[in-house]
>>> print(open('data_29.cif').read())   # mmCIF, C-alpha atoms
data_entry
loop_
_atom_site.group_PDB
_atom_site.id
_atom_site.type_symbol
_atom_site.label_atom_id
_atom_site.label_comp_id
_atom_site.auth_asym_id
_atom_site.auth_seq_id
_atom_site.Cartn_x
_atom_site.Cartn_y
_atom_site.Cartn_z
ATOM 1 C CA ASP C 1 -24.927 -27.766 -46.078
ATOM 2 C CA VAL C 2 -22.892 -30.799 -45.036
ATOM 3 C CA VAL C 3 -23.305 -29.606 -41.428
ATOM 4 C CA GLY C 4 -25.920 -26.890 -41.068
ATOM 5 C CA GLY C 5 -25.457 -26.126 -37.381
ATOM 6 C CA GLN C 6 -24.049 -27.425 -34.104
ATOM 7 C CA LEU C 7 -24.658 -26.810 -30.433
ATOM 8 C CA PHE C 8 -21.601 -27.701 -28.352
ATOM 9 C CA ALA C 9 -20.837 -27.808 -24.646
ATOM 10 C CA ASP C 10 -17.143 -27.945 -23.739
ATOM 11 C CA ILE C 11 -16.390 -29.317 -20.286
ATOM 12 C CA GLY C 12 -12.854 -28.835 -19.063
ATOM 13 C CA GLY C 13 -10.410 -27.999 -16.356
ATOM 14 C CA SER C 14 -6.801 -26.961 -15.933
ATOM 15 C CA ILE C 15 -4.074 -27.141 -13.329
ATOM 16 C CA GLY C 16 -0.868 -25.113 -13.064
ATOM 17 C CA TYR C 17 2.331 -24.953 -11.072
ATOM 18 C CA LYS C 18 3.883 -21.618 -10.026
ATOM 19 C CA GLN C 19 2.838 -19.797 -13.235
ATOM 20 C CA TRP C 20 5.380 -21.727 -15.285
ATOM 21 C CA VAL C 21 3.608 -24.961 -16.231
ATOM 22 C CA GLU C 22 -0.050 -25.604 -16.968
ATOM 23 C CA ALA C 23 -2.137 -28.462 -18.349
ATOM 24 C CA ALA C 24 -5.747 -28.272 -19.548
ATOM 25 C CA LEU C 25 -8.143 -31.021 -20.629
ATOM 26 C CA VAL C 26 -11.344 -30.299 -22.593
ATOM 27 C CA VAL C 27 -14.127 -32.750 -23.454
ATOM 28 C CA PRO C 28 -16.412 -31.364 -26.214
ATOM 29 C CA VAL C 29 -19.964 -32.684 -26.353
ATOM 30 C CA ALA C 30 -22.264 -32.014 -29.302
ATOM 31 C CA LEU C 31 -25.705 -31.540 -27.791
ATOM 32 C CA TYR C 32 -27.320 -31.126 -31.192
ATOM 33 C CA GLN C 33 -26.282 -30.945 -34.844
ATOM 34 C CA HIS C 34 -28.006 -31.112 -38.189
ATOM 35 C CA GLY C 35 -27.110 -31.076 -41.869
ATOM 36 C CA GLU C 36 -27.396 -32.931 -45.175
ATOM 37 C CA GLY C 37 -24.141 -34.838 -44.816
ATOM 38 C CA MET C 38 -22.070 -36.176 -47.690
ATOM 39 C CA ALA C 39 -23.705 -37.709 -50.748
ATOM 40 C CA ASP C 40 -21.863 -40.996 -50.191
ATOM 41 C CA ASP C 41 -22.137 -40.974 -46.404
ATOM 42 C CA SER C 42 -24.773 -40.880 -43.672
ATOM 43 C CA LYS C 43 -26.170 -37.658 -42.250
ATOM 44 C CA PRO C 44 -24.609 -36.161 -39.109
ATOM 45 C CA ALA C 45 -25.688 -37.774 -35.861
ATOM 46 C CA VAL C 46 -28.045 -35.668 -33.784
ATOM 47 C CA ALA C 47 -25.600 -35.611 -30.841
ATOM 48 C CA GLY C 48 -22.317 -37.141 -29.805
ATOM 49 C CA LEU C 49 -18.841 -36.776 -28.330
ATOM 50 C CA GLY C 50 -16.133 -34.730 -30.033
ATOM 51 C CA ASP C 51 -12.346 -35.108 -29.990
ATOM 52 C CA ILE C 52 -10.875 -34.696 -26.508
ATOM 53 C CA ARG C 53 -8.227 -31.928 -26.350
ATOM 54 C CA LEU C 54 -5.137 -31.679 -24.172
ATOM 55 C CA ASP C 55 -3.209 -28.397 -23.913
ATOM 56 C CA LEU C 56 0.182 -28.152 -22.244
ATOM 57 C CA LYS C 57 1.723 -24.764 -21.515
ATOM 58 C CA LEU C 58 5.317 -23.953 -20.648
ATOM 59 C CA ASN C 59 6.044 -20.302 -19.862
ATOM 60 C CA LEU C 60 9.527 -19.392 -21.033
ATOM 61 C CA LEU C 61 9.434 -15.720 -20.140
ATOM 62 C CA GLY C 62 7.379 -13.431 -17.978
ATOM 63 C CA LYS C 63 5.131 -13.622 -14.951
ATOM 64 C CA ASP C 64 2.116 -11.541 -13.910
ATOM 65 C CA LYS C 65 3.998 -8.221 -13.645
ATOM 66 C CA SER C 66 6.341 -8.737 -16.615
ATOM 67 C CA LEU C 67 5.903 -6.603 -19.721
ATOM 68 C CA PHE C 68 6.461 -9.452 -22.176
ATOM 69 C CA GLY C 69 5.484 -13.091 -22.021
ATOM 70 C CA LEU C 70 6.613 -16.033 -24.149
ATOM 71 C CA ALA C 71 5.227 -19.551 -23.984
ATOM 72 C CA ILE C 72 5.134 -22.833 -25.872
ATOM 73 C CA VAL C 73 1.643 -24.340 -25.927
ATOM 74 C CA PRO C 74 1.340 -27.712 -27.697
ATOM 75 C CA ARG C 75 -2.203 -28.992 -28.257
ATOM 76 C CA PHE C 76 -3.159 -32.621 -28.820
ATOM 77 C CA THR C 77 -6.539 -33.914 -29.958
ATOM 78 C CA PHE C 78 -7.527 -37.555 -29.778
ATOM 79 C CA PRO C 79 -9.956 -39.355 -32.132
ATOM 80 C CA THR C 80 -12.700 -39.913 -29.565
ATOM 81 C CA ALA C 81 -15.504 -38.490 -31.725
ATOM 82 C CA THR C 82 -18.546 -40.725 -31.995
ATOM 83 C CA ASP C 83 -19.482 -39.222 -35.361
ATOM 84 C CA GLY C 84 -17.315 -38.463 -38.380
ATOM 85 C CA TYR C 85 -18.588 -34.878 -38.472
ATOM 86 C CA LEU C 86 -17.409 -34.166 -34.918
ATOM 87 C CA GLY C 87 -13.665 -34.758 -35.168
ATOM 88 C CA ASP C 88 -10.591 -36.035 -36.980
ATOM 89 C CA GLU C 89 -9.829 -39.637 -37.867
ATOM 90 C CA SER C 90 -6.482 -39.598 -36.080
ATOM 91 C CA VAL C 91 -4.462 -37.767 -33.428
ATOM 92 C CA THR C 92 -3.603 -34.150 -34.286
ATOM 93 C CA VAL C 93 -0.626 -32.255 -32.882
ATOM 94 C CA THR C 94 -0.486 -28.443 -32.843
ATOM 95 C CA PRO C 95 2.641 -26.820 -31.383
ATOM 96 C CA ARG C 96 2.008 -23.108 -30.723
ATOM 97 C CA LEU C 97 4.303 -20.214 -29.905
ATOM 98 C CA VAL C 98 2.565 -17.499 -27.868
ATOM 99 C CA LEU C 99 3.964 -13.983 -27.430
ATOM 100 C CA ASP C 100 2.082 -11.464 -25.308
ATOM 101 C CA LEU C 101 2.477 -7.843 -24.293
ATOM 102 C CA LYS C 102 1.062 -6.735 -20.920
ATOM 103 C CA LEU C 103 0.008 -3.090 -20.799
ATOM 104 C CA PRO C 104 -1.552 -1.303 -17.783
ATOM 105 C CA ARG C 105 -5.110 -1.917 -19.012
ATOM 106 C CA ALA C 106 -4.684 -4.410 -21.846
ATOM 107 C CA LEU C 107 -3.156 -7.716 -22.844
ATOM 108 C CA LEU C 108 -2.151 -8.198 -26.494
ATOM 109 C CA ALA C 109 -1.220 -11.634 -27.825
ATOM 110 C CA LEU C 110 0.190 -13.220 -30.976
ATOM 111 C CA ASN C 111 -0.076 -16.988 -31.521
ATOM 112 C CA VAL C 112 1.725 -18.790 -34.345
ATOM 113 C CA GLU C 113 0.853 -22.453 -34.811
ATOM 114 C CA TYR C 114 1.363 -25.496 -37.007
ATOM 115 C CA THR C 115 -1.106 -28.398 -37.063
ATOM 116 C CA TYR C 116 -0.149 -31.889 -38.113
ATOM 117 C CA ARG C 117 -2.978 -34.283 -38.993
ATOM 118 C CA LYS C 118 -3.453 -37.343 -41.151
ATOM 119 C CA ALA C 119 -4.526 -36.303 -44.666
ATOM 120 C CA ALA C 120 -8.221 -36.718 -45.467
ATOM 121 C CA GLU C 121 -10.344 -36.034 -48.555
ATOM 122 C CA LEU C 122 -13.548 -33.995 -48.375
ATOM 123 C CA ARG C 123 -15.424 -33.174 -51.578
ATOM 124 C CA GLY C 124 -12.240 -33.300 -53.616
ATOM 125 C CA THR C 125 -10.262 -31.168 -51.163
ATOM 126 C CA THR C 126 -7.313 -32.533 -49.211
ATOM 127 C CA LEU C 127 -7.279 -31.542 -45.551
ATOM 128 C CA ASP C 128 -3.961 -32.083 -43.811
ATOM 129 C CA GLN C 129 -1.221 -29.900 -42.300
ATOM 130 C CA GLU C 130 -2.090 -26.285 -41.475
ATOM 131 C CA PHE C 131 -0.368 -23.046 -40.576
ATOM 132 C CA GLY C 132 -2.241 -20.560 -38.430
ATOM 133 C CA ILE C 133 -1.959 -17.140 -36.782
ATOM 134 C CA HIS C 134 -4.096 -15.698 -33.984
ATOM 135 C CA LEU C 135 -4.139 -12.036 -32.897
ATOM 136 C CA GLY C 136 -5.909 -11.330 -29.620
ATOM 137 C CA ALA C 137 -6.671 -8.447 -27.276
ATOM 138 C CA ASN C 138 -8.103 -8.251 -23.762
ATOM 139 C CA VAL C 139 -8.858 -4.656 -22.691
ATOM 140 C CA MET C 140 -9.953 -3.671 -19.183
ATOM 141 C CA VAL C 141 -13.071 -1.467 -19.334
ATOM 142 C CA LEU C 142 -13.974 -1.366 -15.634
ATOM 143 C CA GLU C 143 -11.299 -1.989 -13.008
ATOM 144 C CA HIS C 144 -11.004 -5.796 -12.627
ATOM 145 C CA LYS C 145 -14.723 -6.124 -13.403
ATOM 146 C CA LEU C 146 -15.407 -5.854 -17.127
ATOM 147 C CA TYR C 147 -13.152 -6.562 -20.119
ATOM 148 C CA ALA C 148 -13.563 -6.297 -23.896
ATOM 149 C CA LEU C 149 -12.278 -9.264 -25.905
ATOM 150 C CA GLY C 150 -11.242 -9.504 -29.525
ATOM 151 C CA GLU C 151 -9.551 -12.173 -31.631
ATOM 152 C CA LEU C 152 -8.731 -12.568 -35.305
ATOM 153 C CA LYS C 153 -7.581 -16.005 -36.353
ATOM 154 C CA THR C 154 -6.641 -17.428 -39.718
ATOM 155 C CA ALA C 155 -5.356 -20.781 -40.978
ATOM 156 C CA THR C 156 -4.430 -22.323 -44.314
ATOM 157 C CA ASN C 157 -3.145 -25.553 -45.820
ATOM 158 C CA ILE C 158 0.606 -25.290 -45.430
ATOM 159 C CA LYS C 159 1.273 -26.842 -48.858
ATOM 160 C CA LYS C 160 -1.100 -24.558 -50.772
ATOM 161 C CA PHE C 161 -0.772 -21.493 -48.523
ATOM 162 C CA TYR C 162 -3.881 -19.436 -49.314
ATOM 163 C CA SER C 163 -3.953 -20.526 -52.962
ATOM 164 C CA GLU C 164 -7.090 -22.690 -52.536
ATOM 165 C CA SER C 165 -10.143 -21.032 -50.999
ATOM 166 C CA ALA C 166 -11.568 -24.276 -49.605
ATOM 167 C CA THR C 167 -8.565 -24.691 -47.269
ATOM 168 C CA ASN C 168 -8.443 -21.074 -46.085
ATOM 169 C CA ALA C 169 -10.042 -20.036 -42.808
ATOM 170 C CA MET C 170 -10.481 -16.660 -41.131
ATOM 171 C CA GLU C 171 -12.741 -15.735 -38.237
ATOM 172 C CA LEU C 172 -13.283 -12.596 -36.154
ATOM 173 C CA LEU C 173 -14.418 -12.964 -32.548
ATOM 174 C CA LEU C 174 -15.712 -10.183 -30.274
ATOM 175 C CA GLY C 175 -16.976 -10.489 -26.718
ATOM 176 C CA VAL C 176 -16.933 -9.315 -23.126
ATOM 177 C CA ARG C 177 -15.587 -10.854 -19.924
ATOM 178 C CA MET C 178 -17.265 -10.151 -16.594
ATOM 179 C CA ARG C 179 -16.382 -10.908 -12.988
ATOM 180 C CA PRO C 180 -19.886 -10.646 -11.475
ATOM 181 C CA TRP C 181 -19.009 -10.518 -7.786
ATOM 182 C CA ALA C 182 -16.276 -7.944 -8.366
ATOM 183 C CA PHE C 183 -19.097 -5.403 -8.731
ATOM 184 C CA THR C 184 -19.881 -5.872 -5.032
ATOM 185 C CA LYS C 185 -17.805 -4.163 -2.358
ATOM 186 C CA GLN C 186 -17.089 -7.279 -0.331
ATOM 187 C CA ARG C 187 -14.151 -9.303 -1.615
ATOM 188 C CA SER C 188 -14.702 -13.063 -1.566
ATOM 189 C CA ALA C 189 -13.725 -16.303 -3.263
ATOM 190 C CA LYS C 190 -16.538 -15.648 -5.748
ATOM 191 C CA ASP C 191 -14.275 -13.017 -7.342
ATOM 192 C CA ASN C 192 -12.562 -15.932 -9.097
ATOM 193 C CA LEU C 193 -15.670 -16.617 -11.198
ATOM 194 C CA ARG C 194 -15.626 -15.148 -14.693
ATOM 195 C CA ILE C 195 -18.171 -15.236 -17.502
ATOM 196 C CA ASP C 196 -17.389 -14.677 -21.191
ATOM 197 C CA VAL C 197 -20.116 -13.844 -23.718
ATOM 198 C CA GLY C 198 -19.577 -13.122 -27.387
ATOM 199 C CA GLY C 199 -19.932 -14.024 -31.006
ATOM 200 C CA ALA C 200 -17.861 -14.671 -34.105
ATOM 201 C CA GLY C 201 -18.248 -14.623 -37.860
ATOM 202 C CA GLY C 202 -16.378 -16.258 -40.713
ATOM 203 C CA LEU C 203 -14.454 -13.909 -43.010
ATOM 204 C CA MET C 204 -13.372 -16.685 -45.403
ATOM 205 C CA LYS C 205 -15.488 -19.568 -46.721
ATOM 206 C CA GLY C 206 -13.075 -22.427 -46.137
ATOM 207 C CA ILE C 207 -14.227 -25.862 -45.031
ATOM 208 C CA GLY C 208 -15.248 -25.848 -41.377
ATOM 209 C CA VAL C 209 -15.550 -22.056 -41.056
ATOM 210 C CA PRO C 210 -18.949 -21.152 -39.540
ATOM 211 C CA LEU C 211 -21.013 -18.332 -41.006
ATOM 212 C CA TRP C 212 -21.569 -17.158 -37.433
ATOM 213 C CA ARG C 213 -21.535 -18.523 -33.908
ATOM 214 C CA VAL C 214 -22.204 -17.351 -30.383
ATOM 215 C CA PHE C 215 -20.689 -18.571 -27.141
ATOM 216 C CA VAL C 216 -21.073 -18.358 -23.380
ATOM 217 C CA MET C 217 -18.335 -19.549 -21.040
ATOM 218 C CA ALA C 218 -18.153 -19.742 -17.266
ATOM 219 C CA ALA C 219 -14.847 -20.452 -15.501
ATOM 220 C CA TYR C 220 -13.932 -20.630 -11.834
ATOM 221 C CA SER C 221 -10.440 -20.650 -10.316
ATOM 222 C CA PRO C 222 -10.387 -22.065 -6.765
ATOM 223 C CA VAL C 223 -7.545 -19.807 -5.633
ATOM 224 C CA LYS C 224 -7.242 -19.238 -1.908
ATOM 225 C CA LEU C 225 -7.664 -15.576 -1.045
ATOM 226 C CA GLY C 226 -5.331 -13.887 1.384
ATOM 227 C CA PRO C 227 -6.529 -11.944 4.435
ATOM 228 C CA GLN C 228 -8.650 -8.908 3.625
ATOM 229 C CA ASP C 229 -7.654 -5.306 4.341
ATOM 230 C CA SER C 230 -11.026 -3.538 4.490
ATOM 231 C CA ASP C 231 -9.732 0.002 5.157
ATOM 232 C CA LYS C 232 -6.760 -0.277 2.770
ATOM 233 C CA ASP C 233 -4.196 0.922 5.329
ATOM 234 C CA GLY C 234 -1.759 -1.924 4.742
ATOM 235 C CA ILE C 235 -2.695 -3.788 7.943
ATOM 236 C CA ILE C 236 -4.726 -6.940 7.358
ATOM 237 C CA ASP C 237 -8.038 -7.234 9.204
ATOM 238 C CA PRO C 238 -6.970 -10.038 11.604
ATOM 239 C CA LYS C 239 -4.227 -7.729 12.959
ATOM 240 C CA ASP C 240 -6.165 -4.461 12.595
ATOM 241 C CA LYS C 241 -7.902 -3.221 15.760
ATOM 242 C CA CYS C 242 -9.947 -0.788 13.631
ATOM 243 C CA PRO C 243 -10.571 -2.638 10.338
ATOM 244 C CA GLN C 244 -13.069 -0.034 9.117
ATOM 245 C CA GLN C 245 -10.883 3.007 9.921
ATOM 246 C CA PRO C 246 -7.482 3.504 8.251
ATOM 247 C CA GLU C 247 -4.385 4.033 10.363
ATOM 248 C CA ASP C 248 -2.894 7.556 10.369
ATOM 249 C CA PRO C 249 0.863 7.076 9.838
ATOM 250 C CA ASP C 250 2.494 9.543 12.238
ATOM 251 C CA ASN C 251 5.069 7.364 14.026
ATOM 252 C CA TRP C 252 2.710 6.872 16.964
ATOM 253 C CA LYS C 253 1.176 3.410 17.419
ATOM 254 C CA ASP C 254 1.146 2.942 13.658
ATOM 255 C CA LEU C 255 0.944 -0.857 13.850
ATOM 256 C CA ASP C 256 -2.410 -1.219 15.633
ATOM 257 C CA GLY C 257 -4.461 -0.126 12.623
ATOM 258 C CA CYS C 258 -6.345 2.617 14.474
ATOM 259 C CA PRO C 259 -6.103 6.373 13.853
ATOM 260 C CA GLU C 260 -4.902 8.329 16.890
ATOM 261 C CA TRP C 261 -6.446 11.791 16.858
ATOM 262 C CA ASP C 262 -4.827 12.961 20.107
ATOM 263 C CA ASN C 263 -1.398 11.388 20.599
ATOM 264 C CA ASP C 264 -0.564 13.195 23.867
ATOM 265 C CA ALA C 265 -4.108 12.720 25.296
ATOM 266 C CA ASP C 266 -4.471 16.420 26.211
ATOM 267 C CA GLY C 267 -7.955 16.732 24.743
ATOM 268 C CA ILE C 268 -6.767 18.721 21.707
ATOM 269 C CA SER C 269 -6.727 16.951 18.336
ATOM 270 C CA ASP C 270 -3.289 16.549 16.779
ATOM 271 C CA SER C 271 -4.265 18.699 13.801
ATOM 272 C CA ALA C 272 -4.903 21.672 16.118
ATOM 273 C CA ASP C 273 -2.318 20.859 18.780
ATOM 274 C CA GLN C 274 0.772 23.101 18.672
#
>>> encode(input="data_29.cif", output="structure tokens")
Amino acid sequence: DVVGGQLFADIGGSIGYKQWVEAALVVPVALYQHGEGMADDSKPAVAGLGDIRLDLKLNLLGKDKSLFGLAIVPRFTFPTATDGYLGDESVTVTPRLVLDLKLPRALLALNVEYTYRKAAELRGTTLDQEFGIHLGANVMVLEHKLYALGELKTATNIKKFYSESATNAMELLLGVRMRPWAFTKQRSAKDNLRIDVGGAGGLMKGIGVPLWRVFVMAAYSPVKLGPQDSDKDGIIDPKDKCPQQPEDPDNWKDLDGCPEWDNDADGISDSADQ
């Protein structure tokens, strides 16, 4: 194999503004790779830096509670790789159109993309502009705690369009997403930590398609949490005189957060008082 295997660590972060604009920067680092390399070239370096990626996202339609979402997500990669087997020789530009459907317990997404890159030759095959489609699903298994993930993605040389096997790619990814601290009863900022674990396998044998791969991802969103409402009565704890007992809405002192069992203080509970 030209490249027999790679171990990557992607380090990145993102920032957004009011759910409409987002930017993400990812720095991929190859911790280890091995392979035979090209006959007329050196073998892959043991480790190195990959091409830095920049994603920009502009939401055109839909917020959290909208049924449909539509966004433009251009991706840029920059030739920062320290080894020829870790990236492209020039800048690549990939404009993507993302359409999603938000269901009560699932998110379905369709991505259509076009990648422009400087043409390069690899073992008699020309690698240049590509067309790609991604189909994804995120299904809630346990309420805000555990999700099932699935993605099918395919790409091909736009000039040959699936007519040359070496330029065709298809991969199926399956995994799970967990929010570890959501399994505890106490709500905290740790709820914003999520962990993804999964694997993927190549369904076509195009150049660059792995036979299989596994991944683990941890992400944290430092979002400020609002005041907690422990008894779920609609009155936040700082204003609730009885934060562990829900208010009984009966038009009598309903704003203090405490249940009143005997509104007229005659010693007979309201449920039995005529």
>>> resolve_selection(input="data_29.cif", expression="the PyMOL selection byres ((chain C and resi 69) around 12)", output="ChimeraX atom specification")
/C:19-20,58-68,70-72,97-103,107-111
>>> atom_distance(input="data_29.cif", atom1="CA of Phe161 (chain C)", atom2="CA of Asp88 (chain C)")
21.0 Å
>>> resolve_selection(input="data_29.cif", expression="the PyMOL selection byres ((chain C and resi 169) around 10)", output="ChimeraX atom specification")
/C:132,153-157,162,165-168,170-171,202-210
>>> residues_around(input="data_29.cif", residues="region 114-128 of chain C", least_positions_apart="5", cutoff="8 Å", atoms="all atoms listed in the file", output="list of chain:residue names")
C:Glu89, C:Ser90, C:Val91, C:Thr92, C:Val93, C:Thr94, C:Pro95, C:Arg96, C:Asn157, C:Ala166, C:Thr167
>>> closest_residue(input="data_29.cif", among="C:Ala219, C:Leu255, C:Val27, C:Val112", to="Ile236 (chain C)", atoms="only C-alpha atoms")
C:Leu255
>>> resolve_selection(input="data_29.cif", expression="the PyMOL selection byres ((chain C and resi 4) around 6)", output="ChimeraX atom specification")
/C:1,3,5,34-35
>>> residues_around(input="data_29.cif", residues="Gly198 (chain C)", least_positions_apart="6", cutoff="9 Å", atoms="all atoms listed in the file", output="PyMOL selection string")
chain C and resi 149+173-177+213-216
>>> residues_around(input="data_29.cif", residues="Ala81 (chain C)", least_positions_apart="3", cutoff="7 Å", atoms="all atoms listed in the file", output="list in words")
Leu49, Gly50, Asp51, Gly84, Leu86 and Gly87 of chain C
>>> atom_distance(input="data_29.cif", atom1="CA of Glu247 (chain C)", atom2="CA of Asp233 (chain C)")
5.9 Å
>>> atom_distance(input="data_29.cif", atom1="CA of Arg75 (chain C)", atom2="CA of Arg53 (chain C)")
7.0 Å
>>> residues_around(input="data_29.cif", residues="Val2 (chain C)", least_positions_apart="4", cutoff="8 Å", atoms="only C-alpha atoms", output="list of chain:residue names")
C:Gly35, C:Glu36, C:Gly37, C:Met38
>>> residues_around(input="data_29.cif", residues="Ala106 (chain C)", least_positions_apart="4", cutoff="12 Å", atoms="all atoms listed in the file", output="mmCIF file with C-alpha atoms, in the frame of the given file")
data_model
loop_
_atom_site.group_PDB
_atom_site.id
_atom_site.type_symbol
_atom_site.label_atom_id
_atom_site.label_comp_id
_atom_site.auth_asym_id
_atom_site.auth_seq_id
_atom_site.Cartn_x
_atom_site.Cartn_y
_atom_site.Cartn_z
ATOM 1 C CA LEU C 67 5.903 -6.603 -19.721
ATOM 2 C CA ASP C 100 2.082 -11.464 -25.308
ATOM 3 C CA LEU C 101 2.477 -7.843 -24.293
ATOM 4 C CA LYS C 102 1.062 -6.735 -20.920
ATOM 5 C CA GLY C 136 -5.909 -11.330 -29.620
ATOM 6 C CA ALA C 137 -6.671 -8.447 -27.276
ATOM 7 C CA ASN C 138 -8.103 -8.251 -23.762
ATOM 8 C CA VAL C 139 -8.858 -4.656 -22.691
ATOM 9 C CA MET C 140 -9.953 -3.671 -19.183
ATOM 10 C CA VAL C 141 -13.071 -1.467 -19.334
ATOM 11 C CA LEU C 142 -13.974 -1.366 -15.634
ATOM 12 C CA GLU C 143 -11.299 -1.989 -13.008
ATOM 13 C CA HIS C 144 -11.004 -5.796 -12.627
ATOM 14 C CA LEU C 146 -15.407 -5.854 -17.127
ATOM 15 C CA TYR C 147 -13.152 -6.562 -20.119
ATOM 16 C CA ALA C 148 -13.563 -6.297 -23.896
ATOM 17 C CA LEU C 149 -12.278 -9.264 -25.905
ATOM 18 C CA GLY C 150 -11.242 -9.504 -29.525
#
>>> closest_residue(input="data_29.cif", among="C:Pro222, C:Gly12, C:Pro74, C:Pro104", to="Val26 (chain C)", atoms="only C-alpha atoms")
C:Gly12
>>> closest_residue(input="data_29.cif", among="C:Pro79, C:Gly201, C:Pro44, C:Pro180", to="Leu152 (chain C)", atoms="only C-alpha atoms")
C:Gly201
>>> closest_residue(input="data_29.cif", among="C:Met217, C:Phe76, C:Glu130, C:Asp256", to="Phe8 (chain C)", atoms="all atoms listed in the file")
C:Met217
